[in-house]
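So this block is protein_29.pdb, PDB, C-alpha atoms (C1' of nucleotides):
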ATOM      1  CA  MET A   1     124.586  31.226 -48.540
ATOM      2  CA  PRO A   2     125.974  28.293 -46.758
ATOM      3  CA  GLU A   3     123.861  25.199 -46.969
ATOM      4  CA  LEU A   4     124.609  21.877 -45.323
ATOM      5  CA  PRO A   5     127.709  21.008 -47.395
ATOM      6  CA  GLU A   6     129.296  24.410 -46.795
ATOM      7  CA  VAL A   7     128.593  24.287 -43.061
ATOM      8  CA  GLU A   8     129.975  20.760 -42.878
ATOM      9  CA  THR A   9     133.099  21.850 -44.740
ATOM     10  CA  VAL A  10     133.589  24.746 -42.338
ATOM     11  CA  ARG A  11     133.127  22.364 -39.409
ATOM     12  CA  ARG A  12     135.827  20.045 -40.741
ATOM     13  CA  GLY A  13     138.160  22.975 -41.251
ATOM     14  CA  LEU A  14     137.681  24.135 -37.678
ATOM     15  CA  LEU A  15     138.202  20.719 -36.074
ATOM     16  CA  PRO A  16     142.017  20.738 -36.031
ATOM     17  CA  VAL A  17     142.104  24.307 -34.756
ATOM     18  CA  LEU A  18     139.403  24.315 -32.087
ATOM     19  CA  GLU A  19     138.548  20.831 -30.943
ATOM     20  CA  GLY A  20     140.075  20.108 -27.547
ATOM     21  CA  ARG A  21     141.485  23.652 -27.305
ATOM     22  CA  ARG A  22     140.875  26.255 -24.650
ATOM     23  CA  LEU A  23     139.554  29.677 -25.673
ATOM     24  CA  VAL A  24     141.861  32.187 -24.037
ATOM     25  CA  GLN A  25     140.280  35.278 -25.554
ATOM     26  CA  VAL A  26     136.949  36.147 -27.143
ATOM     27  CA  ASP A  27     136.440  39.524 -28.794
ATOM     28  CA  GLN A  28     132.903  40.607 -29.500
ATOM     29  CA  ARG A  29     133.178  43.539 -31.873
ATOM     30  CA  ARG A  30     129.552  44.610 -32.076
ATOM     31  CA  PRO A  31     126.538  44.111 -29.803
ATOM     32  CA  ASN A  32     124.586  41.934 -32.184
ATOM     33  CA  LEU A  33     124.475  40.002 -35.390
ATOM     34  CA  ARG A  34     120.972  39.104 -36.531
ATOM     35  CA  PHE A  35     120.106  38.892 -32.827
ATOM     36  CA  PRO A  36     121.837  40.464 -29.838
ATOM     37  CA  PHE A  37     124.595  38.323 -28.388
ATOM     38  CA  PRO A  38     123.461  36.584 -25.220
ATOM     39  CA  ALA A  39     124.127  38.444 -21.987
ATOM     40  CA  ARG A  40     127.596  37.637 -20.606
ATOM     41  CA  PHE A  41     128.469  36.016 -23.918
ATOM     42  CA  VAL A  42     132.187  36.760 -23.761
ATOM     43  CA  ALA A  43     132.425  36.080 -20.036
ATOM     44  CA  ARG A  44     130.893  32.642 -20.444
ATOM     45  CA  LEU A  45     133.162  31.640 -23.331
ATOM     46  CA  GLU A  46     136.561  32.767 -22.181
ATOM     47  CA  GLY A  47     138.528  30.044 -20.456
ATOM     48  CA  GLN A  48     136.338  27.228 -21.687
ATOM     49  CA  ARG A  49     137.545  24.313 -23.729
ATOM     50  CA  VAL A  50     135.826  23.333 -26.983
ATOM     51  CA  ALA A  51     135.211  19.664 -26.324
ATOM     52  CA  GLN A  52     133.612  18.825 -29.658
ATOM     53  CA  ILE A  53     132.280  20.481 -32.813
ATOM     54  CA  THR A  54     129.222  18.993 -34.438
ATOM     55  CA  ARG A  55     126.659  20.100 -36.989
ATOM     56  CA  ARG A  56     122.879  19.913 -37.072
ATOM     57  CA  ALA A  57     121.284  21.045 -40.340
ATOM     58  CA  LYS A  58     122.992  24.393 -41.089
ATOM     59  CA  TYR A  59     124.001  25.000 -37.481
ATOM     60  CA  LEU A  60     127.528  24.682 -36.144
ATOM     61  CA  LEU A  61     127.555  23.449 -32.551
ATOM     62  CA  PHE A  62     130.571  24.054 -30.343
ATOM     63  CA  HIS A  63     130.174  21.852 -27.293
ATOM     64  CA  LEU A  64     131.969  23.497 -24.394
ATOM     65  CA  SER A  65     133.614  21.986 -21.339
ATOM     66  CA  SER A  66     130.899  23.470 -19.098
ATOM     67  CA  GLY A  67     128.208  21.523 -20.937
ATOM     68  CA  GLU A  68     126.930  24.658 -22.618
ATOM     69  CA  THR A  69     126.831  24.883 -26.409
ATOM     70  CA  LEU A  70     127.824  27.777 -28.607
ATOM     71  CA  LEU A  71     125.389  27.574 -31.505
ATOM     72  CA  CYS A  72     126.222  29.376 -34.719
ATOM     73  CA  HIS A  73     124.322  29.970 -37.942
ATOM     74  CA  LEU A  74     126.183  31.459 -40.900
ATOM     75  CA  GLY A  75     123.122  33.055 -42.493
ATOM     76  CA  MET A  76     123.757  34.089 -46.094
ATOM     77  CA  SER A  77     127.250  35.506 -45.937
ATOM     78  CA  GLY A  78     128.814  34.169 -42.723
ATOM     79  CA  ARG A  79     132.355  32.840 -42.784
ATOM     80  CA  MET A  80     134.645  31.281 -40.214
ATOM     81  CA  LEU A  81     138.236  32.038 -41.049
ATOM     82  CA  VAL A  82     141.293  30.656 -39.321
ATOM     83  CA  GLN A  83     144.345  32.870 -38.818
ATOM     84  CA  ASP A  84     147.560  32.552 -36.924
ATOM     85  CA  SER A  85     147.437  35.299 -34.313
ATOM     86  CA  SER A  86     151.211  35.701 -34.538
ATOM     87  CA  ALA A  87     150.731  36.719 -38.178
ATOM     88  CA  ALA A  88     148.717  39.734 -36.929
ATOM     89  CA  VAL A  89     146.440  39.796 -39.960
ATOM     90  CA  PRO A  90     144.467  43.057 -39.742
ATOM     91  CA  LEU A  91     140.825  42.711 -38.811
ATOM     92  CA  GLU A  92     138.383  43.231 -41.622
ATOM     93  CA  LYS A  93     135.263  45.328 -41.680
ATOM     94  CA  HIS A  94     132.839  42.520 -40.928
ATOM     95  CA  ASP A  95     134.927  40.448 -38.512
ATOM     96  CA  HIS A  96     132.338  40.436 -35.736
ATOM     97  CA  VAL A  97     133.629  37.813 -33.314
ATOM     98  CA  VAL A  98     137.222  36.649 -32.838
ATOM     99  CA  LEU A  99     138.041  33.491 -30.875
ATOM    100  CA  THR A 100     141.671  33.014 -29.839
ATOM    101  CA  THR A 101     142.880  29.613 -28.668
ATOM    102  CA  GLU A 102     145.554  28.660 -26.179
ATOM    103  CA  ASP A 103     147.924  27.820 -29.008
ATOM    104  CA  GLY A 104     147.650  31.127 -30.769
ATOM    105  CA  LYS A 105     145.152  30.377 -33.494
ATOM    106  CA  GLN A 106     142.306  32.725 -34.255
ATOM    107  CA  VAL A 107     138.892  31.930 -35.642
ATOM    108  CA  ARG A 108     137.098  34.968 -37.024
ATOM    109  CA  PHE A 109     133.385  35.046 -37.642
ATOM    110  CA  ASN A 110     132.911  37.418 -40.545
ATOM    111  CA  ASP A 111     129.432  38.198 -41.852
ATOM    112  CA  ALA A 112     128.761  41.165 -44.127
ATOM    113  CA  ARG A 113     124.989  40.821 -44.227
ATOM    114  CA  ARG A 114     124.576  39.852 -40.589
ATOM    115  CA  PHE A 115     121.849  37.293 -41.197
ATOM    116  CA  GLY A 116     124.014  34.936 -39.162
ATOM    117  CA  TYR A 117     123.946  34.700 -35.395
ATOM    118  CA  MET A 118     125.380  33.031 -32.344
ATOM    119  CA  ASP A 119     123.604  31.807 -29.268
ATOM    120  CA  LEU A 120     124.779  30.217 -26.070
ATOM    121  CA  ILE A 121     122.621  27.269 -25.027
ATOM    122  CA  PRO A 122     122.594  26.057 -21.414
ATOM    123  CA  ALA A 123     123.701  22.517 -20.638
ATOM    124  CA  GLY A 124     121.029  19.976 -21.481
ATOM    125  CA  ALA A 125     118.860  22.435 -23.385
ATOM    126  CA  LEU A 126     120.236  21.967 -26.892
ATOM    127  CA  ALA A 127     117.729  19.542 -28.384
ATOM    128  CA  THR A 128     114.789  21.554 -27.095
ATOM    129  CA  SER A 129     116.238  24.948 -28.011
ATOM    130  CA  ARG A 130     114.110  27.075 -30.298
ATOM    131  CA  HIS A 131     116.704  26.681 -33.045
ATOM    132  CA  LEU A 132     116.759  22.912 -33.193
ATOM    133  CA  ALA A 133     113.467  21.715 -31.740
ATOM    134  CA  ALA A 134     111.398  21.728 -34.931
ATOM    135  CA  LEU A 135     114.018  20.574 -37.424
ATOM    136  CA  GLY A 136     113.284  17.601 -39.651
ATOM    137  CA  PRO A 137     115.673  14.686 -40.160
ATOM    138  CA  GLU A 138     119.312  15.045 -41.168
ATOM    139  CA  PRO A 139     119.368  14.100 -44.848
ATOM    140  CA  LEU A 140     122.613  12.143 -44.477
ATOM    141  CA  GLY A 141     121.480  10.392 -41.302
ATOM    142  CA  ASN A 142     119.832   6.994 -41.094
ATOM    143  CA  ARG A 143     116.472   8.462 -40.112
ATOM    144  CA  PHE A 144     115.981   9.941 -43.585
ATOM    145  CA  SER A 145     114.558   7.751 -46.345
ATOM    146  CA  GLY A 146     112.065   7.711 -49.189
ATOM    147  CA  PRO A 147     109.139   6.714 -46.944
ATOM    148  CA  VAL A 148     110.083   9.296 -44.306
ATOM    149  CA  LEU A 149     110.250  11.995 -46.979
ATOM    150  CA  ALA A 150     106.977  10.824 -48.539
ATOM    151  CA  ALA A 151     105.250  11.024 -45.153
ATOM    152  CA  ALA A 152     106.546  14.554 -44.571
ATOM    153  CA  LEU A 153     105.299  15.638 -48.006
ATOM    154  CA  ALA A 154     101.893  13.962 -47.824
ATOM    155  CA  ASN A 155      99.008  16.455 -48.104
ATOM    156  CA  LYS A 156     101.314  19.368 -48.898
ATOM    157  CA  LYS A 157      99.683  21.438 -51.623
ATOM    158  CA  GLY A 158     102.549  23.796 -52.423
ATOM    159  CA  PRO A 159     105.325  23.097 -54.933
ATOM    160  CA  ILE A 160     107.951  20.473 -54.046
ATOM    161  CA  LYS A 161     110.638  23.160 -54.418
ATOM    162  CA  MET A 162     109.256  25.087 -51.453
ATOM    163  CA  ALA A 163     108.615  21.940 -49.413
ATOM    164  CA  LEU A 164     112.264  20.896 -49.680
ATOM    165  CA  LEU A 165     113.365  24.324 -48.474
ATOM    166  CA  ASP A 166     111.191  23.817 -45.385
ATOM    167  CA  GLN A 167     113.641  22.758 -42.668
ATOM    168  CA  LYS A 168     110.875  20.831 -40.913
ATOM    169  CA  VAL A 169     110.595  18.445 -43.888
ATOM    170  CA  VAL A 170     114.319  17.779 -44.188
ATOM    171  CA  ALA A 171     117.004  19.844 -42.497
ATOM    172  CA  GLY A 172     119.941  21.474 -44.245
ATOM    173  CA  LEU A 173     118.905  22.022 -47.858
ATOM    174  CA  GLY A 174     118.934  25.491 -49.393
ATOM    175  CA  ASN A 175     118.216  26.963 -52.795
ATOM    176  CA  ILE A 176     121.165  25.477 -54.661
ATOM    177  CA  TYR A 177     120.921  21.889 -53.482
ATOM    178  CA  VAL A 178     117.135  21.775 -53.763
ATOM    179  CA  CYS A 179     117.427  22.737 -57.441
ATOM    180  CA  GLU A 180     120.186  20.191 -58.001
ATOM    181  CA  ALA A 181     118.414  17.368 -56.142
ATOM    182  CA  LEU A 182     115.174  17.909 -58.068
ATOM    183  CA  PHE A 183     117.101  17.772 -61.330
ATOM    184  CA  LEU A 184     118.879  14.574 -60.331
ATOM    185  CA  ALA A 185     115.565  13.017 -59.353
ATOM    186  CA  GLY A 186     113.849  14.177 -62.565
ATOM    187  CA  ILE A 187     111.114  15.957 -60.628
ATOM    188  CA  SER A 188     109.647  19.311 -61.660
ATOM    189  CA  PRO A 189     110.092  22.039 -59.040
ATOM    190  CA  GLN A 190     106.453  22.972 -59.652
ATOM    191  CA  ARG A 191     105.045  19.531 -58.905
ATOM    192  CA  VAL A 192     102.609  19.508 -55.975
ATOM    193  CA  ALA A 193     104.678  18.297 -53.018
ATOM    194  CA  GLY A 194     102.073  15.815 -51.825
ATOM    195  CA  THR A 195     102.267  13.926 -55.124
ATOM    196  CA  VAL A 196     105.886  12.995 -54.498
ATOM    197  CA  GLN A 197     105.250   9.559 -53.044
ATOM    198  CA  GLY A 198     106.463   5.999 -53.461
ATOM    199  CA  ARG A 199     109.213   5.538 -56.025
ATOM    200  CA  ARG A 200     109.389   9.271 -56.714
ATOM    201  CA  ALA A 201     110.024  10.001 -53.055
ATOM    202  CA  GLU A 202     112.607   7.236 -53.010
ATOM    203  CA  ARG A 203     114.386   8.776 -55.995
ATOM    204  CA  LEU A 204     114.256  12.228 -54.436
ATOM    205  CA  ALA A 205     115.648  11.078 -51.103
ATOM    206  CA  ALA A 206     118.485   9.326 -52.925
ATOM    207  CA  ALA A 207     119.142  12.438 -55.030
ATOM    208  CA  VAL A 208     119.282  14.623 -51.921
ATOM    209  CA  ARG A 209     121.821  12.304 -50.322
ATOM    210  CA  GLN A 210     123.847  12.073 -53.497
ATOM    211  CA  VAL A 211     124.119  15.789 -54.182
ATOM    212  CA  LEU A 212     124.974  16.608 -50.572
ATOM    213  CA  THR A 213     127.594  13.870 -50.377
ATOM    214  CA  GLN A 214     129.238  14.988 -53.600
ATOM    215  CA  ALA A 215     129.144  18.630 -52.564
ATOM    216  CA  ILE A 216     130.811  17.878 -49.227
ATOM    217  CA  ALA A 217     133.496  15.929 -51.070
ATOM    218  CA  ALA A 218     134.119  19.028 -53.207
ATOM    219  CA  GLY A 219     134.360  21.350 -50.214
ATOM    220  CA  GLY A 220     130.985  22.981 -50.884
ATOM    221  CA  SER A 221     129.996  25.538 -53.524
ATOM    222  CA  SER A 222     131.569  28.983 -53.722
ATOM    223  CA  LEU A 223     129.216  31.456 -55.357
ATOM    224  CA  ARG A 224     130.277  34.789 -53.939
ATOM    225  CA  ASP A 225     130.808  34.849 -50.194
ATOM    226  CA  TYR A 226     131.518  31.307 -49.183
ATOM    227  CA  VAL A 227     135.028  30.115 -48.416
ATOM    228  CA  GLN A 228     136.278  27.240 -46.291
ATOM    229  CA  ALA A 229     137.824  27.899 -42.878
ATOM    230  CA  SER A 230     141.213  27.878 -44.572
ATOM    231  CA  GLY A 231     140.092  30.594 -47.000
ATOM    232  CA  GLU A 232     140.110  28.150 -49.922
ATOM    233  CA  LEU A 233     137.146  28.135 -52.272
ATOM    234  CA  GLY A 234     134.808  25.180 -52.554
ATOM    235  CA  TYR A 235     134.545  23.788 -56.056
ATOM    236  CA  PHE A 236     131.174  22.039 -56.284
ATOM    237  CA  GLN A 237     129.843  25.006 -58.306
ATOM    238  CA  HIS A 238     131.626  23.463 -61.288
ATOM    239  CA  GLN A 239     129.402  20.402 -60.939
ATOM    240  CA  TRP A 240     126.092  22.257 -60.858
ATOM    241  CA  LYS A 241     123.747  20.825 -63.472
ATOM    242  CA  VAL A 242     121.062  23.524 -63.329
ATOM    243  CA  TYR A 243     121.707  26.146 -60.639
ATOM    244  CA  GLY A 244     122.859  29.425 -62.183
ATOM    245  CA  ARG A 245     122.798  27.889 -65.684
ATOM    246  CA  GLU A 246     119.791  29.614 -67.226
ATOM    247  CA  ASN A 247     119.869  29.324 -71.029
ATOM    248  CA  ASP A 248     122.644  26.728 -71.015
ATOM    249  CA  PHE A 249     121.755  23.544 -72.860
ATOM    250  CA  CYS A 250     120.787  20.756 -70.483
ATOM    251  CA  GLY A 251     123.689  18.327 -70.276
ATOM    252  CA  THR A 252     121.336  15.368 -70.058
ATOM    253  CA  CYS A 253     118.911  16.000 -72.963
ATOM    254  CA  HIS A 254     121.759  17.355 -75.009
ATOM    255  CA  GLN A 255     123.226  13.849 -75.201
ATOM    256  CA  ASP A 256     120.332  11.980 -76.755
ATOM    257  CA  SER A 257     117.784  14.387 -78.116
ATOM    258  CA  GLU A 258     117.229  15.988 -81.479
ATOM    259  CA  LYS A 259     116.094  19.159 -79.791
ATOM    260  CA  PRO A 260     118.043  19.720 -76.597
ATOM    261  CA  GLN A 261     116.326  21.884 -74.017
ATOM    262  CA  LYS A 262     117.771  24.891 -72.344
ATOM    263  CA  ILE A 263     117.804  25.277 -68.561
ATOM    264  CA  LYS A 264     115.037  27.605 -67.455
ATOM    265  CA  ARG A 265     114.724  29.912 -64.508
ATOM    266  CA  LEU A 266     111.508  30.697 -62.695
ATOM    267  CA  VAL A 267     110.717  32.502 -59.474
ATOM    268  CA  GLN A 268     108.917  30.641 -56.707
ATOM    269  CA  SER A 269     108.035  32.533 -53.534
ATOM    270  CA  GLY A 270     110.543  35.152 -54.548
ATOM    271  CA  ARG A 271     113.444  32.764 -55.047
ATOM    272  CA  SER A 272     115.077  31.637 -58.281
ATOM    273  CA  THR A 273     114.534  28.064 -59.380
ATOM    274  CA  PHE A 274     116.584  26.484 -62.169
ATOM    275  CA  TYR A 275     115.399  23.353 -63.950
ATOM    276  CA  CYS A 276     115.206  21.463 -67.222
ATOM    277  CA  PRO A 277     111.620  21.383 -68.501
ATOM    278  CA  ALA A 278     112.317  18.203 -70.503
ATOM    279  CA  CYS A 279     114.086  16.146 -67.852
ATOM    280  CA  GLN A 280     111.975  17.136 -64.882
ATOM    281  CA  ARG A 281     108.323  16.096 -64.582
TER     282      ARG A 281
ATOM    283  C1'  DA B   1      96.933  26.382 -40.812
ATOM    284  C1'  DC B   2      99.165  27.486 -45.054
ATOM    285  C1'  DG B   3     101.433  30.031 -48.524
ATOM    286  C1'  DA B   4     103.167  34.223 -50.593
ATOM    287  C1'  DG B   5     105.636  38.280 -49.776
ATOM    288  C1'  DA B   6     108.184  41.405 -47.059
ATOM    289  C1'  DA B   7     111.727  42.287 -43.898
ATOM    290  C1'  DC B   8     116.281  41.908 -42.089
ATOM    291  C1'  DC B   9     121.535  44.009 -44.196
ATOM    292  C1'  DT B  10     125.426  44.665 -47.260
ATOM    293  C1'  DG B  11     127.782  44.009 -51.446
ATOM    294  C1'  DT B  12     127.998  43.099 -56.331
ATOM    295  C1'  DT B  13     126.175  42.884 -60.851
ATOM    296  C1'  DT B  14     123.096  44.504 -64.393
ATOM    297  C1'  DG B  15     120.662  47.732 -67.128
ATOM    298  C1'  DC B  16     119.375  52.171 -68.687
TER     299       DC B  16
ATOM    300  C1'  DT C   1     130.698  56.732 -66.746
ATOM    301  C1'  DG C   2     127.083  56.944 -63.292
ATOM    302  C1'  DC C   3     123.413  55.787 -60.804
ATOM    303  C1'  DA C   4     119.527  52.936 -59.579
ATOM    304  C1'  DA C   5     117.498  48.647 -59.584
ATOM    305  C1'  DA C   6     117.906  43.851 -59.195
ATOM    306  C1'  DC C   7     119.781  40.085 -57.063
ATOM    307  C1'  DA C   8     122.280  36.962 -53.669
ATOM    308  C1'  DG C   9     123.556  30.663 -50.348
ATOM    309  C1'  DG C  10     118.524  32.002 -44.961
ATOM    310  C1'  DT C  11     115.124  32.606 -41.600
ATOM    311  C1'  DT C  12     111.183  34.737 -39.518
ATOM    312  C1'  DC C  13     107.297  37.661 -39.341
ATOM    313  C1'  DT C  14     102.883  39.458 -41.188
ATOM    314  C1'  DC C  15      99.008  39.306 -43.843
ATOM    315  C1'  DG C  16      95.322  37.359 -46.658
TER     316       DG C  16
END
Could I get this file's structure written as structure tokens?
Amino acid sequence: MPELPEVETVRRGLLPVLEGRRLVQVDQRRPNLRFPFPARFVARLEGQRVAQITRRAKYLLFHLSSGETLLCHLGMSGRMLVQDSSAAVPLEKHDHVVLTTEDGKQVRFNDARRFGYMDLIPAGALATSRHLAALGPEPLGNRFSGPVLAAALANKKGPIKMALLDQKVVAGLGNIYVCEALFLAGISPQRVAGTVQGRRAERLAAAVRQVLTQAIAAGGSSLRDYVQASGELGYFQHQWKVYGRENDFCGTCHQDSEKPQKIKRLVQSGRSTFYCPACQR
DNA sequence: ACGAGAACCTGTTTGC
DNA sequence: TGCAAACAGGTTCTCG
């Protein structure tokens, strides 16, 4: 579920609660999520201060005072919810990890489907960890551009839709924002990835940046599971042009065409793709 | 090496 | 109404 904008929104929501705070209690309520928790997980976390919270692709990174990093992926249904521990809000079924800070705030990691996970990375080992080592550039960073994207796509024979989902090409996109970026760029999801070069790649890189920036500004997209750390919904779903809009008239052709097209859905590698056959080539 | 499909797990929606 | 199938924002493994 959560793609880059949702993870970034969660990160921003956690900053005022966790950054600079000491973790006085950590409750691990099951032995694993997608993967087993690291040995001595709780013992290593308790008493440490969260020095900084950053994000890489869809990973949340809690940099601890020891130099270790608590790495967290939200999978499809993971949430981080902030509570006041004095309010004694009852734990819910899928609250798997509860962090309590020195000033009485709780952060609960809730994940119904358990595709999410946490890992504890030793000091100095973050960049080379198996989670981060192979990731492509951050789409909102200054190392991502049309030429960089074009180079990553060169010689790829599969559809551009699948290439953009590949975290080695660009890191942080998921199904929603790939569909939206391809629409914005006017590129068919079925186009052979390697043919997205030059001006097309430039347009696509710009579209990726634009849709992610706008989605972050809207607090992400709430489809079913996602909420911000505060529990509020994101509202970028109201700005989707194609995702989830099968059979709606395309807002772009609708304006200046005699025969407006409807948004179509197709399945690529088992995943839904939404696009406008007239606007995207 | 690459790409498609399955697997992982639970919850919700859809269709008969 | 009831039950089963389909589907869901991600990643990783297997197989051809």
Show me, as a PyMOL selection string, the residues of chain A whose atoms get within 9 Å of chain B, using all atoms listed in the file for the distance check. chain A and resi 34+112-115+157-158+224+269-270
For this session: Determine the residue set returned by the PyMOL selection byres ((chain C) within 10 of (chain A)) for the present structure, and present it as an MDAnalysis selection string.
Result: chainID C and resid 7:11
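Taking atom CA of Cys250 of chain A as the reference point, atom CA of Gly198 of chain A is found at 26.7 Å.
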Open item on the list: For Phe41 of chain A, find every residue with an atom within 9 Å (counting all atoms listed in the file), except residues of its own chain fewer than 6 positions away, and show them as a PyMOL selection string.
Closed with: chain A and resi 28+119-120
Within 10 Å of Pro38 of chain A, counting only C-alpha atoms (C1' of nucleotides), which residues show up once you throw out same-chain ones fewer than 2 positions away? Write them as a ChimeraX atom specification, please.
-> /A:31-32,35-36,40-42,44,118-121
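Atom CA of Lys168 of chain A to atom CA of Gly219 of chain A spans 25.3 Å [interatomic distance, one decimal].
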From atom CA of Glu138 of chain A to atom CA of Cys179 of chain A the spacing works out at 18.1 Å
Report as a list in words all protein, DNA and RNA residues lying within 8 Å of Pro159 of chain A, evaluated on all atoms listed in the file, omitting residues in the same chain fewer than 4 positions from it. Ala163, Pro189, Gln190, Arg191, Val192 and Ala193 of chain A
As JSON, please: the centre and edge lengths in Å, to one decimal, of an axis-aligned box enclosing every listed atom of segment 1-14 of chain B with 6 Å added on each side.
{"center_x": 112.5, "center_y": 35.5, "center_z": -52.6, "size_x": 43.1, "size_y": 30.3, "size_z": 35.6}
Please write the residues picked by the PyMOL selection byres ((chain A and resi 101-103) around 12) on this file as a PyMOL selection string. chain A and resi 14+16-27+45-50+82-86+98-100+104-108
**Q.** Residues selected by the PyMOL selection byres ((chain A and resi 139) around 7), written as number ranges by chain
**A.** A: 137-138, 140-141, 144, 170-171, 209
In terms of all atoms listed in the file, the residue from A:Arg55, A:Arg200, A:Lys259, A:His131 at minimal distance from Gln280 of chain A is A:Arg200
So which residues touch Gly13 of chain A within 8 Å, counting all atoms listed in the file, skipping near sequence neighbours fewer than 4 positions away, as an MDAnalysis selection string?
chainID A and resid 9 17 228:230
